[in-house]
Structure formats: structure tokens, C-alpha cells
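Okay, work_14.cif now, which holds mmCIF, C-alpha atoms and all ligand atoms:
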```cif
data_protein
#
loop_
_atom_site.label_atom_id
_atom_site.label_comp_id
_atom_site.auth_asym_id
_atom_site.auth_seq_id
_atom_site.Cartn_x
_atom_site.Cartn_y
_atom_site.Cartn_z
CA MET R 1 -89.73 -91.21 -76.72
CA THR R 2 -86.50 -89.43 -77.60
CA PRO R 3 -85.39 -87.49 -74.55
CA ASN R 4 -86.39 -83.85 -74.73
CA VAL R 5 -83.09 -82.62 -73.51
CA MET R 6 -79.61 -83.19 -74.88
CA GLY R 7 -77.24 -82.50 -72.03
CA ALA R 8 -78.25 -79.17 -70.59
CA GLN R 9 -79.83 -78.05 -73.86
CA ARG R 10 -83.36 -78.48 -75.09
CA ARG R 11 -83.41 -80.40 -78.33
CA PRO R 12 -84.98 -78.31 -81.12
CA LEU R 13 -88.21 -79.73 -82.55
CA ILE R 14 -89.41 -78.83 -86.03
CA ALA R 15 -92.95 -80.04 -86.73
CA GLY R 16 -94.88 -79.80 -89.99
CA ASN R 17 -98.63 -79.39 -89.54
CA TRP R 18 -100.06 -80.40 -92.91
CA LYS R 19 -103.58 -79.35 -91.84
CA LEU R 20 -106.31 -80.42 -94.29
CA PHE R 21 -103.95 -80.84 -97.24
CA LYS R 22 -102.80 -83.81 -99.30
CA THR R 23 -104.19 -87.19 -100.22
CA VAL R 24 -102.57 -90.39 -98.97
CA ALA R 25 -100.48 -90.66 -102.15
CA GLU R 26 -99.39 -87.00 -101.93
CA SER R 27 -98.50 -87.39 -98.26
CA CYS R 28 -96.33 -90.44 -98.98
CA ALA R 29 -94.67 -88.67 -101.91
CA LEU R 30 -93.73 -85.78 -99.59
CA VAL R 31 -92.28 -88.25 -97.09
CA GLN R 32 -90.06 -89.71 -99.81
CA GLU R 33 -88.85 -86.22 -100.71
CA LEU R 34 -88.16 -85.44 -97.07
CA LYS R 35 -86.19 -88.64 -96.66
CA ALA R 36 -84.05 -87.64 -99.64
CA GLN R 37 -83.61 -83.98 -98.73
CA LEU R 38 -83.51 -83.66 -94.93
CA PRO R 39 -80.06 -82.74 -93.63
CA ALA R 40 -78.09 -85.92 -92.84
CA VAL R 41 -76.95 -84.43 -89.56
CA THR R 42 -79.24 -82.21 -87.54
CA ARG R 43 -79.76 -81.39 -83.88
CA ALA R 44 -83.48 -81.16 -84.52
CA GLU R 45 -86.14 -83.72 -83.89
CA VAL R 46 -88.39 -83.67 -86.98
CA VAL R 47 -92.11 -84.41 -86.87
CA VAL R 48 -94.83 -84.50 -89.53
CA ALA R 49 -98.58 -84.29 -88.89
CA PRO R 50 -100.69 -85.51 -91.84
CA VAL R 51 -104.48 -85.90 -91.89
CA PHE R 52 -105.92 -88.88 -89.98
CA THR R 53 -106.55 -90.90 -93.14
CA ALA R 54 -102.86 -90.72 -94.13
CA LEU R 55 -101.36 -91.62 -90.74
CA ALA R 56 -100.95 -95.36 -91.35
CA SER R 57 -99.45 -94.93 -94.81
CA VAL R 58 -97.14 -92.14 -93.68
CA ARG R 59 -96.02 -94.29 -90.74
CA ALA R 60 -95.04 -97.02 -93.21
CA ALA R 61 -93.38 -94.55 -95.57
CA LEU R 62 -91.28 -93.14 -92.69
CA ALA R 63 -89.65 -96.55 -92.06
CA GLY R 64 -85.89 -96.17 -91.89
CA SER R 65 -85.99 -92.47 -91.06
CA SER R 66 -85.92 -90.71 -87.70
CA VAL R 67 -88.84 -88.44 -88.61
CA ARG R 68 -91.65 -88.86 -86.09
CA LEU R 69 -95.38 -89.00 -86.62
CA SER R 70 -98.00 -86.70 -85.14
CA ALA R 71 -101.76 -86.43 -85.40
CA GLN R 72 -103.44 -83.03 -85.60
CA ASN R 73 -106.21 -83.65 -83.08
CA VAL R 74 -107.66 -86.29 -80.76
CA TYR R 75 -110.72 -86.96 -78.65
CA TRP R 76 -109.99 -87.57 -74.98
CA GLU R 77 -111.84 -90.87 -74.57
CA ALA R 78 -110.02 -94.02 -75.68
CA GLN R 79 -113.15 -95.77 -76.87
CA GLY R 80 -116.93 -95.69 -76.63
CA ALA R 81 -120.03 -94.38 -78.36
CA PHE R 82 -118.45 -91.24 -79.83
CA THR R 83 -119.33 -91.44 -83.52
CA GLY R 84 -116.84 -89.76 -85.77
CA GLU R 85 -114.11 -89.24 -83.16
CA VAL R 86 -110.58 -90.65 -83.04
CA GLY R 87 -109.10 -91.43 -79.63
CA PRO R 88 -105.60 -91.70 -78.20
CA LEU R 89 -105.68 -95.51 -78.25
CA GLN R 90 -106.17 -95.44 -82.01
CA LEU R 91 -103.44 -92.84 -82.54
CA ARG R 92 -100.93 -94.82 -80.48
CA ASP R 93 -101.99 -97.95 -82.37
CA VAL R 94 -101.23 -96.32 -85.73
CA GLY R 95 -97.78 -95.25 -84.52
CA CYS R 96 -98.11 -91.62 -83.47
CA ASP R 97 -95.49 -90.18 -81.13
CA TYR R 98 -97.06 -86.74 -80.90
CA VAL R 99 -100.52 -85.19 -81.10
CA ILE R 100 -101.21 -81.49 -81.70
CA VAL R 101 -103.91 -80.30 -79.30
CA GLY R 102 -105.69 -76.98 -79.01
CA HIS R 103 -104.65 -75.57 -82.37
CA SER R 104 -106.32 -72.16 -82.79
CA GLU R 105 -108.22 -73.46 -85.82
CA ARG R 106 -109.81 -76.08 -83.55
CA ARG R 107 -110.50 -73.53 -80.83
CA GLN R 108 -111.98 -70.98 -83.26
CA LEU R 109 -113.72 -73.14 -85.87
CA PHE R 110 -114.74 -76.14 -83.76
CA GLY R 111 -115.37 -74.52 -80.38
CA GLU R 112 -112.70 -76.25 -78.30
CA SER R 113 -112.46 -74.81 -74.81
CA ASP R 114 -109.41 -74.52 -72.57
CA ALA R 115 -110.81 -77.41 -70.52
CA ASP R 116 -111.20 -79.59 -73.65
CA VAL R 117 -107.57 -78.91 -74.55
CA GLY R 118 -106.46 -79.94 -71.07
CA ARG R 119 -108.43 -83.20 -71.30
CA LYS R 120 -106.90 -83.93 -74.70
CA ALA R 121 -103.36 -83.23 -73.50
CA ARG R 122 -103.75 -85.56 -70.52
CA ALA R 123 -105.34 -88.30 -72.67
CA VAL R 124 -102.39 -88.13 -75.09
CA LEU R 125 -99.89 -88.42 -72.22
CA ALA R 126 -101.81 -91.27 -70.61
CA HIS R 127 -101.36 -93.25 -73.83
CA GLY R 128 -97.61 -92.74 -74.04
CA MET R 129 -97.55 -89.95 -76.62
CA ALA R 130 -96.54 -86.31 -76.30
CA PRO R 131 -99.02 -83.46 -76.75
CA ILE R 132 -98.00 -80.35 -78.68
CA VAL R 133 -100.22 -77.90 -76.83
CA CYS R 134 -101.01 -74.80 -78.90
CA VAL R 135 -101.65 -71.43 -77.31
CA GLY R 136 -101.90 -67.96 -78.82
CA GLU R 137 -103.82 -64.72 -78.88
CA THR R 138 -105.95 -63.02 -81.54
CA LEU R 139 -104.98 -59.65 -83.04
CA ALA R 140 -107.75 -57.95 -81.01
CA GLU R 141 -106.41 -59.47 -77.79
CA ARG R 142 -102.87 -58.35 -78.64
CA GLU R 143 -104.02 -54.83 -79.47
CA ALA R 144 -105.94 -54.69 -76.20
CA GLY R 145 -102.74 -55.57 -74.31
CA LYS R 146 -104.15 -58.95 -73.27
CA ALA R 147 -101.84 -61.28 -75.21
CA GLU R 148 -99.88 -62.55 -72.25
CA ALA R 149 -102.95 -63.00 -70.03
CA VAL R 150 -104.71 -65.03 -72.74
CA VAL R 151 -101.71 -67.25 -73.33
CA VAL R 152 -101.18 -67.83 -69.61
CA ARG R 153 -104.87 -68.73 -69.16
CA GLN R 154 -104.68 -71.26 -72.00
CA LEU R 155 -101.43 -72.67 -70.68
CA VAL R 156 -102.58 -73.12 -67.09
CA ALA R 157 -105.71 -74.98 -68.25
CA ALA R 158 -103.76 -77.25 -70.58
CA LEU R 159 -101.02 -78.19 -68.12
CA ALA R 160 -103.23 -78.59 -65.05
CA GLY R 161 -103.02 -81.90 -63.24
CA MET R 162 -100.01 -83.32 -65.08
CA THR R 163 -97.60 -85.49 -63.10
CA ASP R 164 -93.84 -84.85 -63.24
CA ALA R 165 -93.34 -87.76 -65.62
CA GLU R 166 -96.14 -86.57 -67.91
CA PHE R 167 -94.95 -83.01 -67.87
CA ALA R 168 -91.51 -84.04 -69.09
CA ASN R 169 -93.02 -85.11 -72.42
CA ALA R 170 -95.33 -82.16 -73.04
CA VAL R 171 -94.45 -79.55 -75.67
CA VAL R 172 -95.99 -76.07 -75.96
CA ALA R 173 -96.40 -74.20 -79.24
CA TYR R 174 -96.95 -70.44 -79.16
CA GLU R 175 -98.90 -69.55 -82.29
CA PRO R 176 -100.20 -65.97 -82.40
CA ILE R 177 -103.39 -66.26 -84.43
CA TRP R 178 -102.67 -63.10 -86.43
CA ALA R 179 -99.46 -64.72 -87.70
CA ILE R 180 -101.01 -67.99 -88.92
CA GLY R 181 -101.24 -68.24 -92.68
CA THR R 182 -100.85 -64.48 -93.05
CA GLY R 183 -97.19 -64.22 -93.99
CA LYS R 184 -96.75 -61.90 -90.97
CA ASN R 185 -94.58 -63.69 -88.43
CA ALA R 186 -94.07 -62.34 -84.93
CA ALA R 187 -90.87 -60.32 -84.66
CA PRO R 188 -88.21 -62.58 -83.15
CA SER R 189 -87.98 -60.29 -80.10
CA ASP R 190 -91.78 -60.45 -79.58
CA ALA R 191 -91.69 -64.23 -79.87
CA GLN R 192 -88.82 -64.36 -77.37
CA HIS R 193 -90.76 -62.13 -74.98
CA MET R 194 -93.81 -64.41 -75.04
CA HIS R 195 -91.76 -67.60 -74.84
CA ALA R 196 -89.96 -66.24 -71.78
CA ALA R 197 -93.34 -65.38 -70.25
CA ILE R 198 -94.56 -68.92 -70.94
CA ARG R 199 -91.47 -70.38 -69.27
CA GLY R 200 -91.88 -68.00 -66.35
CA CYS R 201 -95.50 -69.05 -65.89
CA VAL R 202 -94.50 -72.71 -65.96
CA ALA R 203 -91.70 -72.03 -63.46
CA SER R 204 -94.06 -70.47 -60.95
CA ALA R 205 -96.76 -73.13 -61.38
CA HIS R 206 -94.64 -76.25 -61.83
CA GLY R 207 -91.10 -75.42 -60.70
CA GLN R 208 -87.88 -74.23 -62.26
CA SER R 209 -86.62 -77.57 -63.51
CA ARG R 210 -89.82 -78.39 -65.40
CA ALA R 211 -89.74 -74.93 -66.92
CA ALA R 212 -86.10 -75.29 -67.93
CA SER R 213 -86.69 -78.55 -69.82
CA LEU R 214 -90.01 -77.60 -71.48
CA ARG R 215 -89.76 -77.10 -75.22
CA VAL R 216 -91.68 -74.07 -76.46
CA LEU R 217 -92.13 -73.94 -80.24
CA TYR R 218 -93.06 -70.88 -82.26
CA GLY R 219 -95.67 -71.13 -85.04
CA GLY R 220 -97.11 -68.59 -87.46
CA SER R 221 -95.68 -67.93 -90.93
CA VAL R 222 -92.35 -69.64 -90.24
CA LYS R 223 -90.47 -69.67 -93.56
CA PRO R 224 -86.91 -70.45 -94.64
CA ASP R 225 -86.04 -66.74 -94.61
CA ASN R 226 -87.18 -66.04 -91.04
CA ALA R 227 -86.54 -69.39 -89.36
CA ALA R 228 -82.95 -68.74 -88.27
CA ALA R 229 -83.83 -65.45 -86.58
CA LEU R 230 -86.79 -66.99 -84.73
CA LEU R 231 -84.93 -70.18 -83.77
CA GLY R 232 -81.96 -68.08 -82.63
CA GLN R 233 -83.97 -66.70 -79.69
CA SER R 234 -82.96 -68.29 -76.40
CA ASP R 235 -86.46 -69.46 -75.43
CA VAL R 236 -87.57 -70.56 -78.91
CA ASP R 237 -87.00 -74.31 -79.03
CA GLY R 238 -88.38 -75.12 -82.44
CA ALA R 239 -91.15 -74.38 -84.89
CA LEU R 240 -94.64 -75.57 -85.74
CA VAL R 241 -94.82 -74.97 -89.48
CA GLY R 242 -97.96 -74.85 -91.61
CA GLY R 243 -97.73 -73.71 -95.23
CA ALA R 244 -93.95 -74.07 -95.54
CA SER R 245 -94.14 -77.71 -94.38
CA LEU R 246 -96.14 -78.72 -97.47
CA ALA R 247 -93.08 -78.65 -99.74
CA ALA R 248 -89.90 -80.58 -98.98
CA GLY R 249 -87.55 -77.76 -100.01
CA SER R 250 -88.93 -75.14 -97.64
CA PHE R 251 -89.45 -77.56 -94.74
CA CYS R 252 -85.90 -78.95 -95.04
CA ALA R 253 -84.50 -75.42 -95.11
CA ILE R 254 -86.30 -74.68 -91.82
CA VAL R 255 -84.91 -77.91 -90.31
CA ALA R 256 -81.44 -76.86 -91.45
CA ALA R 257 -81.91 -73.48 -89.72
CA ALA R 258 -82.31 -75.35 -86.42
CA GLY R 259 -78.65 -76.39 -86.71
P1 LIG U 1 -98.49 -71.19 -91.19
O1 LIG U 1 -97.05 -71.62 -91.04
O2 LIG U 1 -99.08 -71.55 -92.51
O3 LIG U 1 -98.66 -69.75 -90.82
O4 LIG U 1 -99.34 -72.03 -90.11
C1 LIG U 1 -98.91 -72.09 -88.81
C2 LIG U 1 -99.69 -73.11 -88.09
O5 LIG U 1 -100.87 -72.94 -87.84
C3 LIG U 1 -99.01 -74.36 -87.70
O6 LIG U 1 -99.78 -75.11 -86.82
#
```
Please express the file's structure as C-alpha cells.
Amino acid sequence: MTPNVMGAQRRPLIAGNWKLFKTVAESCALVQELKAQLPAVTRAEVVVAPVFTALASVRAALAGSSVRLSAQNVYWEAQGAFTGEVGPLQLRDVGCDYVIVGHSERRQLFGESDADVGRKARAVLAHGMAPIVCVGETLAEREAGKAEAVVVRQLVAALAGMTDAEFANAVVAYEPIWAIGTGKNAAPSDAQHMHAAIRGCVASAHGQSRAASLRVLYGGSVKPDNAAALLGQSDVDGALVGGASLAAGSFCAIVAAAG
């Protein structure tokens, strides 16, 4: 893995979550565009997360670039009688560096619990990859003043039981559900507030140095025109991008905003 930290600074991470979009051919075509258009010099680590069926072809298409590969989900067992699942052994085998776990779409549409997300995160780490652990509140939870409590609950469950070495590779993504796919991003100051709360929670549970090196990404309607303001917040260490990652122009502009 590329070290998370460059000197005293956390290295920005810009990840494109392609969700259930694109065929294999379309995914590879986007990789070719990214290779041509990504800034030649960037501080950011860049990651793309295609659908399972495109992982092998995208891995091959990424040859010669520093863009890293992520899956969007995983089951926590490496192998066994689990029809229809894909495990961490298979994702490592196909060349993944990262795996998104606990995305709100998985929690809401497929019933993933906090405990499931924790199992997935630890399975990813145990197979030498880094989990991008997603947390975030609904609009109703935010309006009820429970946003921080919900995020802390999700975080504690996901990070429980990690060793120091494992923890060093974990990434957290704060994605308020009301901001996903809606065009309404969190105000940069609200994102900063939650990211600082996340880091504070990690500091009290796991120590100051782990908290200081943890990368916390923001996700939810990140676009070229709001990326710089969000990424300019001191505790925002990158972005998990949905819709704007599906076109090379907008994704590259977000990478460029990371500096
Ligand atoms: P959008 O950028 O489309 O709002 O999606 C965010 C997201 O869910 C990334 O995981």
C-alpha cells in the first residue's frame, strides 16, 4: 500500500464510486480517458471502484498508471458455501487495493448492520487491502439532532477490534445520506464539523496518533464547483465521488482540486 501519510500531512484520496453503472467496455473506456486527462502531478491518491464484473478488465486497463482499484462491497468470509457472494480473497486476487464497505445504499437497500460493516472492514484488512468505511446520517436523523450520535455509533462498530497495523490502512468516508445523488452537498463548515467529530471519536477510542493519521473522506454530491471548498477544510482528506466520477472531465477536475 502507498503510505497514508506524506510527512506530517495526510495524503488526499479521491475515489470514484461507479455504483451500478457501466459495462466492462464502458469502464475500460473511462479508464483510458482518465489516463489521458488526470493531472500529471497531483498530491492525491486516485481510486476507481467499478462493478465486480469489470474489476479484472479495469485492473488490466490501469496498467502503467498510479490509479488504484477498489471494489464496492465484499462478503466477510474468504470462501465457502455462500452462493452469490464475493469474498476478500477473490478481491485481492483480482488486484483490488481498496474495498468500500457500509455504503448507505448497502445499509438501506440490502439491510447491512453496523456489525456486518465491522466484519467486512476487518476481512478486507486481513487480506491486505484497505477498507473505505462509509458512515452517515439520514435527513430525519440530522433534523432530530442525532447526526453525530449516529455517525459515532457506526464508526465505533466498524473500527472495533482493529490492531494498530490494521488501523493504519483504514479510511473513513462521511457521506450524509441526504447529500447523496441529490445535488445538495453538505456545507463545507458542516462537513468540517462532522469530520472533526469523527477524528475526536477516534482519538478517544484509539489514541491521538491513530486519529491524526486517519483519512476521512467526504461524499455526497461532490462536483468540480464545490470540491475545492470541501477539500479545503482541515479535516477533509479527500472525496468519495458518485455521479461526477462517471465522466473523466468532472472526475479529473475534482482530483485537480485536491492539489
Ligand atoms: P454522489 O456523488 O452521486 O452524490 O454519490 C455519492 C456517493 O454515494 C459516493 O459513494
>> Using all atoms listed in the file, list the residues that have an atom at most 9 Å from (-97.7, -90.1, -93.0), coordinates as in the file, as a ChimeraX atom specification.
In response: /R:24,27-28,30-31,48-62,69-70
For the residues selected in the previous step, produce a file with C-alpha atoms as an mmCIF file, in the frame of the given file.
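Heads up, here's the output in selection39.cif:
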```cif
data_model
loop_
_atom_site.group_PDB
_atom_site.id
_atom_site.type_symbol
_atom_site.label_atom_id
_atom_site.label_comp_id
_atom_site.auth_asym_id
_atom_site.auth_seq_id
_atom_site.Cartn_x
_atom_site.Cartn_y
_atom_site.Cartn_z
ATOM 1 C CA VAL R 24 -102.570 -90.390 -98.970
ATOM 2 C CA SER R 27 -98.500 -87.390 -98.260
ATOM 3 C CA CYS R 28 -96.330 -90.440 -98.980
ATOM 4 C CA LEU R 30 -93.730 -85.780 -99.590
ATOM 5 C CA VAL R 31 -92.280 -88.250 -97.090
ATOM 6 C CA VAL R 48 -94.830 -84.500 -89.530
ATOM 7 C CA ALA R 49 -98.580 -84.290 -88.890
ATOM 8 C CA PRO R 50 -100.690 -85.510 -91.840
ATOM 9 C CA VAL R 51 -104.480 -85.900 -91.890
ATOM 10 C CA PHE R 52 -105.920 -88.880 -89.980
ATOM 11 C CA THR R 53 -106.550 -90.900 -93.140
ATOM 12 C CA ALA R 54 -102.860 -90.720 -94.130
ATOM 13 C CA LEU R 55 -101.360 -91.620 -90.740
ATOM 14 C CA ALA R 56 -100.950 -95.360 -91.350
ATOM 15 C CA SER R 57 -99.450 -94.930 -94.810
ATOM 16 C CA VAL R 58 -97.140 -92.140 -93.680
ATOM 17 C CA ARG R 59 -96.020 -94.290 -90.740
ATOM 18 C CA ALA R 60 -95.040 -97.020 -93.210
ATOM 19 C CA ALA R 61 -93.380 -94.550 -95.570
ATOM 20 C CA LEU R 62 -91.280 -93.140 -92.690
ATOM 21 C CA LEU R 69 -95.380 -89.000 -86.620
ATOM 22 C CA SER R 70 -98.000 -86.700 -85.140
#
```
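With all atoms listed in the file as the atoms that count, the minimum distance from ligand LIG 1 (chain U) to the choices R:Glu166, R:Glu175, R:Asp225, R:Glu141 is reached by R:Glu175.
Among all protein and nucleic acid residues, the ones that lie within 8 Å of ligand LIG 1 (chain U) when counting all atoms listed in the file are Gly16, Asn17, Lys19, His103, Ser104, Glu105, Glu175, Ile177, Ala179, Ile180, Gly181, Thr182, Gly183, Asn185, Gly219, Gly220, Ser221, Val222, Lys223, Leu240, Val241, Gly242, Gly243, Ala244 and Ser245 of chain R.
Among the candidates R:Glu26, R:Glu112, R:Glu33, R:Glu85, the residue lying nearest to Phe251 in chain R is R:Glu33 (atoms considered: only C-alpha atoms).
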>> Applying 7 Å and only C-alpha atoms, which residues near Leu231 in chain R remain after dropping the ones on its own chain fewer than 6 positions away? List them as JSON, numbers by chain.
In response: {"R": [237, 238, 258]}
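CA of Val101 in chain R is found 25.8 Å from CA of Ala29 in chain R.
Pairwise distance (CA of Val117 in chain R, CA of Gly102 in chain R) equals 5.2 Å.
In this model, the gap between CA of Arg215 in chain R and CA of Asp235 in chain R comes to 8.3 Å.
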>> I'd like the neighbourhood of range 126-136 of chain R as a list in words, where a residue qualifies if any of its atoms comes within 6 Å (using only C-alpha atoms), though same-chain residues fewer than 2 positions away should be ignored.
In response: Asp97, Tyr98, Val99, Ile100, Val101, Gly102, His103, Ala121, Ala123, Val124, Val151, Asn169, Ala170, Val171, Val172, Ala173, Tyr174, Glu175 and Pro176 of chain R
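Considering all atoms listed in the file, the residue among R:Thr163, R:Gln233, R:Asn73, R:Asn226 positioned nearest to His206 in chain R is R:Thr163.
Distances to Lys184 in chain R were evaluated for R:Arg68, R:Leu214, R:Arg107, R:Leu139 using only C-alpha atoms, and the minimum falls at R:Leu139.
Each of R:Ala211, R:Gln108, R:Ala149, R:Val47 was compared to Met194 in chain R using all atoms listed in the file, and R:Ala149 turns out to be the nearest.
Each of R:Leu89, R:Pro188, R:Glu77, R:Ala196 was checked against Ala229 in chain R using all atoms listed in the file; the smallest atom-to-atom distance is that of R:Pro188.
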> Residues around (-83.9, -86.2, -92.7), cut-off 9 Å, counting all atoms listed in the file - what are they as a PyMOL selection string?
Replying inline: chain R and resi 34-42+46+65-67+252+255
